[in-house]
>>> print(open('upload18.txt').read())   # compact mmCIF, C-alpha atoms and all ligand atoms
# COMPACT_ATOMS: atom_id res chain seq x y z
CA MET A 1 8.60 -24.35 -124.95
CA PRO A 2 10.89 -27.15 -123.89
CA VAL A 3 13.03 -26.95 -120.78
CA PRO A 4 16.55 -28.30 -121.35
CA ASP A 5 17.17 -31.76 -119.93
CA ASP A 6 19.91 -30.61 -117.56
CA LYS A 7 17.52 -28.07 -116.00
CA ILE A 8 14.83 -30.72 -115.53
CA ASN A 9 17.37 -33.03 -113.94
CA LEU A 10 18.51 -30.29 -111.61
CA PHE A 11 14.97 -29.41 -110.48
CA GLN A 12 14.14 -33.06 -110.04
CA GLN A 13 17.31 -33.62 -108.06
CA LEU A 14 16.46 -30.73 -105.72
CA ILE A 15 12.98 -32.15 -105.10
CA ASN A 16 14.35 -35.64 -104.55
CA GLU A 17 17.11 -34.55 -102.15
CA PHE A 18 14.63 -32.52 -100.15
CA VAL A 19 12.28 -35.47 -99.77
CA LYS A 20 14.56 -38.40 -99.21
CA GLY A 21 17.13 -36.74 -96.92
CA ASN A 22 19.85 -39.25 -96.18
CA LEU A 23 17.87 -42.30 -97.31
CA ASN A 24 19.51 -43.85 -100.31
CA LEU A 25 16.59 -44.73 -102.60
CA SER A 26 16.37 -45.80 -106.21
CA GLN A 27 14.56 -43.67 -108.82
CA LYS A 28 11.92 -46.36 -109.00
CA THR A 29 11.27 -46.16 -105.26
CA LEU A 30 10.92 -42.39 -105.43
CA TYR A 31 8.22 -42.25 -108.07
CA GLU A 32 6.20 -45.38 -107.53
CA LYS A 33 2.93 -45.13 -105.67
CA PRO A 34 3.11 -45.96 -101.95
CA GLU A 35 1.01 -49.13 -102.41
CA ASP A 36 3.60 -50.35 -104.91
CA GLY A 37 6.47 -49.72 -102.53
CA GLY A 38 7.42 -46.17 -103.49
CA LEU A 39 7.30 -42.69 -102.03
CA GLY A 40 4.83 -41.50 -104.66
CA LEU A 41 6.95 -38.49 -105.52
CA PHE A 42 5.90 -36.06 -108.24
CA GLU A 43 7.89 -36.79 -111.37
CA LEU A 44 8.73 -33.67 -113.31
CA ASN A 45 9.40 -35.44 -116.59
CA THR A 46 6.05 -37.18 -116.60
CA PHE A 47 4.40 -33.86 -115.93
CA LEU A 48 6.24 -32.15 -118.77
CA ASN A 49 5.51 -35.02 -121.14
CA SER A 50 1.82 -34.69 -120.36
CA GLN A 51 2.10 -31.01 -121.16
CA LYS A 52 3.64 -31.89 -124.50
CA CYS A 53 0.69 -34.16 -125.23
CA ALA A 54 -1.48 -31.14 -124.64
CA TRP A 55 0.61 -29.34 -127.29
CA LEU A 56 -0.24 -32.02 -129.78
CA LYS A 57 -3.86 -31.48 -128.94
CA ARG A 58 -3.40 -27.87 -130.02
CA ALA A 59 -1.66 -28.98 -133.22
CA ARG A 60 -4.98 -30.18 -134.55
CA GLY A 61 -5.80 -26.56 -135.38
CA LEU A 62 -3.31 -26.54 -138.30
CA ASN A 63 -3.20 -22.73 -138.16
CA GLU A 64 0.52 -22.37 -137.52
CA LEU A 65 3.62 -23.60 -139.26
CA TRP A 66 4.74 -26.04 -136.52
CA LYS A 67 1.31 -27.65 -136.53
CA LEU A 68 1.48 -28.15 -140.29
CA ARG A 69 4.92 -29.71 -139.92
CA ILE A 70 3.54 -32.31 -137.56
CA TYR A 71 0.58 -32.93 -139.82
CA SER A 72 2.71 -33.28 -142.95
CA LYS A 73 4.68 -36.14 -141.40
CA SER A 74 1.70 -37.77 -139.75
CA MET A 75 -0.36 -40.58 -141.23
CA GLY A 76 -3.16 -38.26 -142.22
CA ASN A 77 -4.04 -37.24 -138.67
CA VAL A 78 -1.92 -35.41 -136.07
CA LEU A 79 -2.98 -38.03 -133.54
CA ASN A 80 -1.48 -40.71 -135.77
CA VAL A 81 2.23 -39.84 -135.66
CA ARG A 82 5.34 -41.92 -134.94
CA THR A 83 8.74 -40.66 -133.85
CA ALA A 84 10.37 -42.72 -136.61
CA ASP A 85 9.07 -40.15 -139.10
CA PHE A 86 10.72 -37.18 -137.34
CA ASP A 87 14.34 -36.21 -136.97
CA ARG A 88 15.45 -35.33 -133.44
CA ASP A 89 18.43 -33.30 -134.62
CA VAL A 90 16.61 -31.30 -137.28
CA GLU A 91 13.51 -30.36 -135.28
CA PRO A 92 14.11 -31.17 -131.59
CA VAL A 93 11.06 -29.34 -130.27
CA ILE A 94 8.61 -31.03 -132.58
CA PHE A 95 10.36 -34.34 -132.01
CA GLY A 96 9.91 -33.88 -128.26
CA ILE A 97 6.18 -33.32 -128.66
CA VAL A 98 5.74 -36.32 -130.95
CA ASN A 99 7.87 -38.50 -128.69
CA ALA A 100 5.79 -37.62 -125.62
CA TYR A 101 2.62 -38.31 -127.55
CA GLN A 102 3.90 -41.67 -128.77
CA VAL A 103 4.53 -42.76 -125.16
CA PHE A 104 0.96 -41.78 -124.38
CA PHE A 105 -0.41 -43.40 -127.54
CA TYR A 106 1.15 -46.79 -126.79
CA LYS A 107 0.07 -46.67 -123.14
CA TYR A 108 -3.42 -45.78 -124.30
CA THR A 109 -3.37 -48.71 -126.72
CA GLU A 110 -2.52 -51.03 -123.83
CA THR A 111 -5.90 -50.36 -122.22
CA ILE A 112 -9.50 -50.87 -123.28
CA GLY A 113 -8.61 -47.87 -125.47
CA TYR A 114 -7.06 -50.35 -127.93
CA LYS A 115 -10.47 -50.36 -129.60
CA ASN A 116 -9.96 -46.72 -130.56
CA SER A 117 -6.34 -47.09 -131.58
CA PHE A 118 -4.91 -46.92 -135.06
CA MET A 119 -3.87 -50.39 -136.18
CA TYR A 120 -1.33 -49.50 -138.83
CA ARG A 121 2.26 -49.31 -137.48
CA ASN A 122 1.06 -49.82 -133.92
CA GLU A 123 3.57 -52.14 -132.27
CA LYS A 124 1.26 -52.80 -129.33
CA LEU A 125 -1.33 -54.50 -131.53
CA THR A 126 0.11 -57.83 -132.63
CA PHE A 127 -1.31 -60.63 -134.77
CA SER A 128 -1.28 -63.14 -131.91
CA ILE A 129 -0.50 -63.29 -128.18
CA ASN A 130 2.99 -64.68 -128.63
CA SER A 131 3.94 -62.80 -131.76
CA ARG A 132 5.57 -59.41 -131.95
CA GLU A 133 4.52 -58.90 -135.56
CA PHE A 134 2.27 -55.90 -136.13
CA LEU A 135 0.58 -54.36 -139.14
CA THR A 136 3.00 -52.81 -141.63
CA ARG A 137 3.10 -52.11 -145.31
CA ASP A 138 4.46 -55.61 -145.97
CA PHE A 139 1.09 -57.06 -145.10
CA PHE A 140 -0.40 -55.71 -148.35
CA SER A 141 0.68 -55.93 -151.95
CA ARG A 142 2.19 -52.73 -153.28
CA ILE A 143 -0.70 -51.88 -155.56
CA PHE A 144 -3.29 -52.69 -152.91
CA PHE A 145 -1.51 -50.44 -150.41
CA THR A 146 -1.25 -47.53 -152.84
CA GLU A 147 -4.91 -47.78 -153.77
CA ASN A 148 -6.18 -47.99 -150.17
CA ARG A 149 -3.46 -46.05 -148.38
CA LEU A 150 -5.52 -43.43 -146.54
CA LYS A 151 -8.12 -45.93 -145.39
CA ILE A 152 -5.44 -48.31 -144.11
CA LEU A 153 -3.63 -45.54 -142.21
CA ASP A 154 -6.89 -44.60 -140.52
CA LEU A 155 -7.97 -48.17 -139.77
CA ARG A 156 -8.96 -48.77 -136.13
CA VAL A 157 -9.88 -51.84 -134.13
CA ARG A 158 -13.38 -50.46 -133.76
CA ASP A 159 -13.88 -50.74 -137.55
CA PHE A 160 -13.98 -54.52 -137.09
CA LEU A 161 -16.60 -54.48 -134.38
CA GLU A 162 -20.33 -54.23 -134.26
CA GLY A 163 -21.08 -53.85 -130.59
CA ASP A 164 -18.76 -56.43 -129.04
CA LYS A 165 -18.98 -58.82 -131.97
CA ILE A 166 -16.58 -59.05 -134.88
CA LYS A 167 -18.14 -58.12 -138.23
CA SER A 168 -18.41 -60.61 -141.06
CA HIS A 169 -15.83 -60.27 -143.82
CA LEU A 170 -18.43 -58.93 -146.20
CA ARG A 171 -19.73 -56.37 -143.73
CA PHE A 172 -16.19 -55.19 -143.02
CA THR A 173 -15.34 -54.61 -146.67
CA GLN A 174 -18.63 -52.76 -147.15
CA THR A 175 -18.23 -50.43 -144.18
CA SER A 176 -14.47 -49.81 -144.37
CA GLY A 177 -14.15 -49.81 -148.15
CA ILE A 178 -10.94 -51.86 -147.86
CA PRO A 179 -11.33 -54.98 -150.05
CA VAL A 180 -8.99 -57.33 -148.14
CA ASN A 181 -9.18 -61.03 -149.04
CA GLY A 182 -10.43 -63.75 -146.67
CA LEU A 183 -6.99 -64.76 -145.47
CA GLN A 184 -5.99 -61.18 -144.68
CA TYR A 185 -9.30 -60.58 -142.99
CA GLY A 186 -8.75 -63.62 -140.75
CA ARG A 187 -5.34 -62.36 -139.70
CA LEU A 188 -6.64 -58.85 -138.98
CA CYS A 189 -9.42 -60.37 -136.83
CA GLY A 190 -6.62 -62.19 -134.95
CA MET A 191 -5.23 -58.76 -134.05
CA VAL A 192 -8.61 -57.65 -132.76
CA LYS A 193 -9.00 -60.78 -130.59
CA THR A 194 -5.44 -60.49 -129.29
CA GLY A 195 -6.13 -56.90 -128.28
CA GLU A 196 -9.22 -58.01 -126.37
CA LYS A 197 -7.30 -60.76 -124.57
CA LYS A 198 -4.41 -58.54 -123.63
CA PHE A 199 -6.09 -55.22 -122.86
CA GLY A 200 -9.85 -55.80 -122.69
CA SER A 201 -9.92 -55.93 -118.88
CA ARG A 202 -7.89 -52.75 -118.42
CA LYS A 203 -10.74 -50.36 -118.00
CA ILE A 204 -10.29 -46.63 -118.31
CA LEU A 205 -12.92 -44.02 -118.89
CA LEU A 206 -13.38 -44.68 -122.57
CA ASP A 207 -14.36 -42.02 -125.06
CA ARG A 208 -15.97 -42.97 -128.30
CA ASN A 209 -12.69 -42.46 -130.13
CA ILE A 210 -9.19 -41.16 -129.53
CA GLU A 211 -10.15 -37.76 -130.97
CA SER A 212 -12.72 -37.17 -128.26
CA PHE A 213 -10.11 -38.11 -125.68
CA PHE A 214 -8.43 -34.87 -126.75
CA ASN A 215 -11.60 -32.81 -126.58
CA PHE A 216 -11.21 -31.42 -123.10
CA GLU A 217 -10.72 -27.84 -122.14
CA LYS A 218 -7.33 -27.54 -120.49
CA GLY A 219 -4.68 -29.14 -118.36
CA SER A 220 -2.83 -32.37 -118.90
CA ARG A 221 -3.96 -34.50 -115.98
CA LYS A 222 -5.87 -36.83 -118.28
CA PHE A 223 -2.64 -37.70 -120.12
CA ARG A 224 -0.70 -38.10 -116.91
CA ARG A 225 -3.20 -40.61 -115.61
CA ILE A 226 -2.64 -42.82 -118.65
CA ILE A 227 1.13 -42.34 -118.82
CA THR A 228 1.71 -43.33 -115.19
CA ARG A 229 -0.88 -46.09 -115.06
CA LYS A 230 0.47 -49.54 -114.19
CA TRP A 231 -1.32 -52.80 -114.81
CA GLY A 232 -0.93 -56.24 -113.34
CA ASP A 233 -0.93 -57.65 -109.84
CA SER A 234 2.71 -58.39 -109.14
CA ILE A 235 4.16 -58.26 -105.64
CA PRO A 236 6.19 -55.10 -105.09
CA HIS A 237 9.94 -55.76 -105.20
CA ASN A 238 10.62 -54.62 -101.64
CA LEU A 239 8.03 -56.98 -100.15
CA VAL A 240 9.46 -60.06 -101.82
CA LYS A 241 12.49 -59.53 -99.63
CA PHE A 242 10.45 -58.55 -96.58
CA SER A 243 8.40 -61.74 -96.84
CA SER A 244 11.52 -63.88 -97.05
CA ASN A 245 13.07 -61.98 -94.10
CA THR A 246 10.05 -62.63 -91.93
CA GLU A 247 9.07 -66.02 -93.39
CA THR A 248 5.59 -64.84 -94.25
CA ILE A 249 3.39 -64.97 -97.33
CA ILE A 250 2.56 -61.68 -99.01
CA ASN A 251 0.08 -61.42 -101.87
CA SER A 252 -0.80 -58.33 -103.85
CA LYS A 253 -3.69 -57.38 -101.55
CA ASN A 254 -1.86 -57.44 -98.25
CA GLY A 255 1.19 -56.12 -100.10
CA LYS A 256 -0.70 -52.92 -100.82
CA PHE A 257 -1.71 -52.76 -97.17
CA LEU A 258 1.88 -53.09 -95.92
CA ASN A 259 3.33 -50.62 -98.37
CA GLY A 260 0.58 -48.11 -97.65
CA ILE A 261 1.14 -48.07 -93.89
CA TRP A 262 3.90 -45.48 -93.78
CA ASN A 263 1.66 -43.08 -95.69
CA LYS A 264 -1.04 -42.90 -93.01
CA PRO A 265 -1.30 -39.28 -91.88
CA PHE A 266 -2.19 -40.11 -88.26
CA PHE A 267 1.23 -41.67 -87.58
CA SER A 268 4.01 -39.43 -86.32
CA GLY A 269 6.85 -38.59 -88.68
CA GLU A 270 9.16 -40.90 -86.76
CA MET A 271 6.75 -43.80 -87.10
CA ARG A 272 6.21 -43.16 -90.79
CA THR A 273 9.96 -43.26 -91.41
CA PHE A 274 10.18 -46.45 -89.36
CA PHE A 275 7.41 -48.27 -91.28
CA PHE A 276 8.84 -47.16 -94.60
CA LYS A 277 12.27 -48.50 -93.68
CA LEU A 278 10.84 -51.67 -92.13
CA HIS A 279 9.06 -52.73 -95.31
CA GLN A 280 11.90 -51.50 -97.53
CA ASN A 281 14.32 -53.67 -95.49
CA ARG A 282 16.36 -50.61 -94.60
CA LEU A 283 16.34 -50.60 -90.80
CA GLY A 284 19.82 -50.63 -89.26
CA TYR A 285 19.89 -54.24 -88.11
CA ASN A 286 23.08 -55.09 -86.23
CA TYR A 287 23.92 -57.93 -88.59
CA ILE A 288 24.07 -55.44 -91.47
CA VAL A 289 25.49 -52.38 -89.71
CA SER A 290 28.24 -54.46 -88.10
CA LYS A 291 29.71 -55.09 -91.55
CA PHE A 292 30.48 -51.38 -91.80
CA ILE A 293 31.34 -50.44 -88.22
CA ARG A 294 34.26 -52.14 -86.62
CA GLY A 295 33.65 -53.49 -83.12
CA LEU A 296 29.86 -53.52 -83.44
CA SER A 297 28.34 -56.89 -82.63
CA GLU A 298 26.11 -58.54 -85.20
CA ASN A 299 24.10 -60.09 -82.37
CA CYS A 300 20.66 -59.15 -81.14
CA THR A 301 20.74 -56.18 -78.80
CA PHE A 302 18.26 -57.80 -76.39
CA CYS A 303 20.24 -61.05 -76.25
CA GLU A 304 23.38 -59.02 -75.47
CA ILE A 305 21.67 -57.07 -72.68
CA THR A 306 20.23 -60.20 -71.10
CA PHE A 307 23.46 -62.16 -71.56
CA ASN A 308 21.60 -64.78 -73.54
CA PRO A 309 24.29 -67.43 -74.18
CA GLU A 310 22.76 -68.31 -77.56
CA HIS A 311 23.90 -65.05 -79.24
CA SER A 312 21.53 -64.83 -82.16
CA ARG A 313 22.06 -62.54 -85.11
CA ASP A 314 19.82 -59.50 -85.07
CA THR A 315 17.68 -60.27 -88.11
CA PRO A 316 14.12 -58.92 -88.52
CA LEU A 317 12.63 -62.33 -87.76
CA HIS A 318 14.71 -62.71 -84.61
CA ILE A 319 14.42 -59.26 -83.14
CA PHE A 320 10.68 -58.83 -83.65
CA TRP A 321 9.52 -62.42 -83.14
CA ASP A 322 11.94 -65.23 -82.32
CA CYS A 323 14.06 -63.53 -79.63
CA ALA A 324 13.18 -65.09 -76.26
CA THR A 325 13.08 -61.69 -74.54
CA VAL A 326 10.75 -60.27 -77.17
CA SER A 327 8.46 -63.25 -77.64
CA SER A 328 7.63 -63.49 -73.95
CA VAL A 329 6.66 -59.80 -73.86
CA VAL A 330 4.65 -60.04 -77.10
CA ASP A 331 2.88 -63.19 -75.86
CA ARG A 332 1.95 -61.64 -72.56
CA TYR A 333 0.82 -58.47 -74.28
CA PHE A 334 -1.60 -60.25 -76.64
CA ILE A 335 -2.93 -62.51 -73.88
CA TRP A 336 -3.75 -59.33 -72.00
CA LEU A 337 -5.22 -57.60 -75.09
CA LEU A 338 -7.41 -60.59 -76.02
CA THR A 339 -8.73 -61.13 -72.49
CA GLY A 340 -12.48 -61.59 -72.52
CA THR A 341 -12.53 -62.99 -76.09
CA ASN A 342 -12.06 -66.47 -77.53
CA GLU A 343 -9.31 -65.23 -79.86
CA GLN A 344 -5.89 -66.90 -80.12
CA ASN A 345 -2.62 -64.98 -79.97
CA PRO A 346 -1.34 -63.90 -83.40
CA SER A 347 0.63 -66.20 -85.68
CA ARG A 348 3.85 -64.92 -87.24
CA GLN A 349 1.98 -64.30 -90.49
CA GLU A 350 -0.67 -62.25 -88.69
CA PHE A 351 1.89 -60.35 -86.65
CA PHE A 352 4.06 -59.28 -89.59
CA VAL A 353 1.44 -59.02 -92.33
CA ASN A 354 -2.26 -58.83 -91.42
CA PHE A 355 -5.11 -60.63 -89.70
CA GLU A 356 -7.74 -62.49 -91.70
CA ARG A 357 -10.16 -63.69 -89.04
CA PRO A 358 -13.98 -63.55 -89.34
CA ASN A 359 -14.41 -60.14 -87.69
CA GLU A 360 -13.13 -57.43 -90.06
CA PHE A 361 -13.04 -54.81 -87.30
CA LEU A 362 -10.97 -57.09 -85.10
CA ASN A 363 -8.60 -57.75 -88.02
CA LYS A 364 -8.11 -54.08 -88.64
CA THR A 365 -7.50 -53.32 -84.97
CA LEU A 366 -5.10 -56.22 -84.41
CA SER A 367 -3.17 -55.58 -87.62
CA LEU A 368 -2.66 -51.98 -86.59
CA THR A 369 -1.79 -52.92 -83.03
CA SER A 370 0.84 -55.43 -84.23
CA LYS A 371 2.53 -52.67 -86.19
CA LEU A 372 2.65 -50.56 -83.03
CA VAL A 373 4.19 -53.47 -81.14
CA VAL A 374 6.88 -53.79 -83.82
CA PHE A 375 7.58 -50.07 -83.59
CA TYR A 376 7.81 -50.26 -79.79
CA ILE A 377 10.27 -53.17 -79.95
CA TRP A 378 12.50 -51.18 -82.28
CA GLN A 379 12.36 -48.16 -79.99
CA SER A 380 13.45 -50.37 -77.08
CA LYS A 381 16.32 -51.67 -79.14
CA LEU A 382 17.44 -48.13 -79.97
CA ARG A 383 17.35 -47.27 -76.24
CA LYS A 384 19.26 -50.45 -75.48
CA SER A 385 16.61 -51.58 -73.03
CA THR A 386 14.48 -54.70 -73.06
CA PRO A 387 10.81 -54.25 -73.99
CA ASN A 388 8.62 -53.61 -70.97
CA PRO A 389 5.10 -55.11 -70.97
CA GLU A 390 3.57 -52.24 -69.00
CA LEU A 391 5.12 -49.56 -71.19
CA LEU A 392 3.97 -51.48 -74.26
CA LYS A 393 0.37 -51.41 -73.00
CA ILE A 394 0.53 -47.70 -72.25
CA PHE A 395 2.11 -46.93 -75.61
CA THR A 396 -0.37 -48.91 -77.73
CA LEU A 397 -3.44 -47.71 -75.81
CA SER A 398 -2.44 -44.10 -76.09
CA GLU A 399 -1.68 -44.41 -79.83
CA LEU A 400 -4.91 -46.29 -80.56
CA ARG A 401 -6.83 -43.69 -78.64
CA THR A 402 -5.29 -40.89 -80.69
CA TYR A 403 -6.02 -42.63 -84.02
CA SER A 404 -9.59 -43.40 -82.95
CA ILE A 405 -10.16 -39.72 -82.41
CA LEU A 406 -8.38 -38.59 -85.59
CA ASN A 407 -9.72 -41.23 -87.93
CA ALA A 408 -13.38 -42.27 -87.95
CA GLU A 409 -12.64 -45.60 -89.65
CA ILE A 410 -10.18 -46.65 -86.98
CA GLY A 411 -12.53 -45.37 -84.29
CA GLU A 412 -15.22 -47.67 -85.65
CA ALA A 413 -12.85 -50.64 -85.98
CA VAL A 414 -11.67 -50.25 -82.39
CA ARG A 415 -15.25 -49.89 -81.09
CA LYS A 416 -16.51 -52.92 -82.99
CA SER A 417 -13.40 -55.07 -82.51
CA GLY A 418 -15.03 -56.82 -79.55
CA LEU A 419 -11.91 -56.29 -77.45
CA PRO A 420 -12.98 -55.41 -73.89
CA ARG A 421 -9.54 -53.88 -73.21
CA LEU A 422 -10.18 -51.27 -75.88
CA ARG A 423 -13.79 -50.61 -75.00
CA LEU A 424 -12.94 -47.31 -73.42
CA LEU A 425 -10.97 -46.03 -76.40
CA GLY A 426 -13.74 -45.58 -78.98
CA ALA A 427 -14.89 -42.20 -80.13
CA ASP A 428 -18.24 -42.74 -78.41
CA LEU A 429 -16.61 -42.41 -75.04
CA LEU A 430 -15.01 -39.19 -76.16
CA ASN A 431 -18.44 -37.78 -76.94
CA LEU A 432 -19.69 -38.88 -73.55
CA GLU A 433 -16.80 -37.23 -71.83
CA LEU A 434 -17.33 -34.00 -73.66
CA GLN A 435 -20.98 -33.73 -72.74
ZN ZN B 501 17.52 -61.79 -79.17
>>> encode(input="upload18.txt", output="structure tokens")
Amino acid sequence: MPVPDDKINLFQQLINEFVKGNLNLSQKTLYEKPEDGGLGLFELNTFLNSQKCAWLKRARGLNELWKLRIYSKSMGNVLNVRTADFDRDVEPVIFGIVNAYQVFFYKYTETIGYKNSFMYRNEKLTFSINSREFLTRDFFSRIFFTENRLKILDLRVRDFLEGDKIKSHLRFTQTSGIPVNGLQYGRLCGMVKTGEKKFGSRKILLDRNIESFFNFEKGSRKFRRIITRKWGDSIPHNLVKFSSNTETIINSKNGKFLNGIWNKPFFSGEMRTFFFKLHQNRLGYNYIVSKFIRGLSENCTFCEITFNPEHSRDTPLHIFWDCATVSSVVDRYFIWLLTGTNEQNPSRQEFFVNFERPNEFLNKTLSLTSKLVVFYIWQSKLRKSTPNPELLKIFTLSELRTYSILNAEIGEAVRKSGLPRLRLLGADLLNLELQ
């Protein structure tokens, strides 16, 4: 039975506080998947809504009063219900179940599942791409609607299709028993084509119809997967800012890579927090912190230490790339790392985002190494010391060695990167040593 909203909020708050500590994050950031820029936190409400969908599944039995109540206000099928037909104040529990199901039903319609969806009063199925108009009673004359009511309520996109092709008008009226005229038929076919254009490429495991989607034994995972599913290839909000901060270009593919970095289990907790904050633009740069702390300079820590007369603001682009102190260390480091190859030192784009050179293993290794360099620079800043080329070598080699041992994929990338400096780090050597 339903848990009161204030209890859910309290539980959720406890989970959130525990996870995010003193980081001030938006709800969106908490629940979104890591690749989309979030923490991928478990969302209680989504879970409970999926459970409610499972309740509706049970309602198909019609052997108890509450099930009959849902059925009586449905459009002839408990899976064809709309919240508009239920009163939240009169029957809050049933309303909650129907409401959760409607969220699922519309999400389901916005996938290849549109073919199985009910067309009548389904706001996701519109007559054309740019229209919001969907199939309602107004589409039919009053007499026509009364005479064909049950068939219209049960009408599904699939009823228009034979394989992937749209049926002829005649064939449709024969098979569905709904004698629509030619004009109406044309408009209904427009709905079918619009559905294909909008949702046809959004593949999910498709059952033959929505009823069989509900024919599984137990649990609610199947609902959750649909409810939380996101479509589209947009760039995560946090990376739009990160790319402008670092003057780089981030597309959806390397965006997923950047946002997924903090979630790699082989990094230490400290590094994971750092990468999360880096790509969320939440590191304590002097130029931001100085607005809140009186007397703190907004200038780059390294420029202050080295008495650089230019006094540059400590922005991400400056402190990790443009700063004269940093760039000379980074340059020397990569010259050393790439010794024995014909490879050029990284560009800004490669350094901050990822490498896209011919050798995939080299790309993987260098992308990872660049992240370690960024982390090392930040550590130096926190210690108020300038980056040291020798310490940087030791740090990156020891980290890469650890990851190579812990993670077979990285081990392979390092081994096949063609970097002589890393030759001794691969897992093969480990095996040799152990023998
Ligand atoms: Zn500087």
>>> atom_distance(input="upload18.txt", atom1="CA of Ser201 (chain A)", atom2="CA of Ile112 (chain A)")
6.7 Å
>>> atom_distance(input="upload18.txt", atom1="CA of Lys115 (chain A)", atom2="CA of Lys222 (chain A)")
18.2 Å
>>> atom_distance(input="upload18.txt", atom1="CA of Phe242 (chain A)", atom2="CA of Phe276 (chain A)")
11.7 Å
>>> closest_residue(input="upload18.txt", among="A:Tyr287, A:Tyr333, A:Phe352, A:Phe302", to="ligand ZN 501 (chain B)", atoms="all atoms listed in the file")
A:Phe302
>>> residues_around(input="upload18.txt", residues="Val192 (chain A)", least_positions_apart="6", cutoff="10 Å", atoms="all atoms listed in the file", output="list of chain:residue names")
A:Tyr114, A:Lys115, A:Met119, A:Leu125, A:Thr126, A:Phe127, A:Ser128, A:Arg156, A:Val157, A:Arg158, A:Asp159, A:Phe160, A:Leu161, A:Ile166, A:Gly186
>>> residues_around(input="upload18.txt", residues="region 392-396 of chain A", least_positions_apart="3", cutoff="12 Å", atoms="all atoms listed in the file", output="number ranges by chain")
A: 326, 329-337, 365-366, 368-380, 386-389, 399-404, 421-422, 425
>>> write_last_selection(input="upload18.txt", atoms="C-alpha atoms", output="compact mmCIF listing (two decimals), in the frame of the given file")
# COMPACT_ATOMS: atom_id res chain seq x y z
CA VAL A 326 10.75 -60.27 -77.17
CA VAL A 329 6.66 -59.80 -73.86
CA VAL A 330 4.65 -60.04 -77.10
CA ASP A 331 2.88 -63.19 -75.86
CA ARG A 332 1.95 -61.64 -72.56
CA TYR A 333 0.82 -58.47 -74.28
CA PHE A 334 -1.60 -60.25 -76.64
CA ILE A 335 -2.93 -62.51 -73.88
CA TRP A 336 -3.75 -59.33 -72.00
CA LEU A 337 -5.22 -57.60 -75.09
CA THR A 365 -7.50 -53.32 -84.97
CA LEU A 366 -5.10 -56.22 -84.41
CA LEU A 368 -2.66 -51.98 -86.59
CA THR A 369 -1.79 -52.92 -83.03
CA SER A 370 0.84 -55.43 -84.23
CA LYS A 371 2.53 -52.67 -86.19
CA LEU A 372 2.65 -50.56 -83.03
CA VAL A 373 4.19 -53.47 -81.14
CA VAL A 374 6.88 -53.79 -83.82
CA PHE A 375 7.58 -50.07 -83.59
CA TYR A 376 7.81 -50.26 -79.79
CA ILE A 377 10.27 -53.17 -79.95
CA TRP A 378 12.50 -51.18 -82.28
CA GLN A 379 12.36 -48.16 -79.99
CA SER A 380 13.45 -50.37 -77.08
CA THR A 386 14.48 -54.70 -73.06
CA PRO A 387 10.81 -54.25 -73.99
CA ASN A 388 8.62 -53.61 -70.97
CA PRO A 389 5.10 -55.11 -70.97
CA GLU A 399 -1.68 -44.41 -79.83
CA LEU A 400 -4.91 -46.29 -80.56
CA ARG A 401 -6.83 -43.69 -78.64
CA THR A 402 -5.29 -40.89 -80.69
CA TYR A 403 -6.02 -42.63 -84.02
CA SER A 404 -9.59 -43.40 -82.95
CA ARG A 421 -9.54 -53.88 -73.21
CA LEU A 422 -10.18 -51.27 -75.88
CA LEU A 425 -10.97 -46.03 -76.40
>>> closest_atom_pairs(input="upload18.txt", of="region 100-218 of chain A", to="region 64-87 of chain A", cutoff="10 Å", atoms="only C-alpha atoms", output="Markdown table")
| residue | atom | partner | partner_atom | distance |
| --- | --- | --- | --- | --- |
| A:Ala100 | CA | A:Thr83 | CA | 9.3 |
| A:Tyr101 | CA | A:Leu79 | CA | 8.2 |
| A:Gln102 | CA | A:Arg82 | CA | 6.3 |
| A:Val103 | CA | A:Arg82 | CA | 9.8 |
| A:Phe105 | CA | A:Leu79 | CA | 8.5 |
| A:Ser117 | CA | A:Asn80 | CA | 9.0 |
| A:Phe118 | CA | A:Asn80 | CA | 7.1 |
| A:Met119 | CA | A:Asn80 | CA | 10.0 |
| A:Tyr120 | CA | A:Met75 | CA | 9.3 |
| A:Arg121 | CA | A:Arg82 | CA | 8.4 |
| A:Asn122 | CA | A:Arg82 | CA | 9.0 |
| A:Arg149 | CA | A:Met75 | CA | 9.5 |
| A:Leu150 | CA | A:Gly76 | CA | 7.1 |
| A:Lys151 | CA | A:Gly76 | CA | 9.7 |
| A:Ile152 | CA | A:Met75 | CA | 9.7 |
| A:Leu153 | CA | A:Met75 | CA | 6.0 |
| A:Asp154 | CA | A:Gly76 | CA | 7.5 |
| A:Ile210 | CA | A:Leu79 | CA | 8.0 |
| A:Glu211 | CA | A:Leu79 | CA | 7.6 |
| A:Phe214 | CA | A:Leu79 | CA | 9.3 |
>>> residues_near_ligand(input="upload18.txt", ligand="ligand ZN 501 (chain B)", cutoff="12 Å", atoms="all atoms listed in the file", output="VMD selection string")
chain A and resid 285 to 286 298 to 328 377 381 385 to 387
>>> closest_residue(input="upload18.txt", among="A:Lys198, A:Arg415, A:Lys253, A:Lys107", to="Ile226 (chain A)", atoms="only C-alpha atoms")
A:Lys107
>>> closest_residue(input="upload18.txt", among="A:His169, A:Arg282, A:Arg60, A:His237", to="Gly37 (chain A)", atoms="all atoms listed in the file")
A:His237
>>> closest_residue(input="upload18.txt", among="A:Ser234, A:Leu205, A:Ala413, A:Ala408", to="Asn363 (chain A)", atoms="only C-alpha atoms")
A:Ala413
>>> closest_residue(input="upload18.txt", among="A:Gly96, A:Pro179, A:Gly200, A:Pro34", to="Leu48 (chain A)", atoms="all atoms listed in the file")
A:Gly96
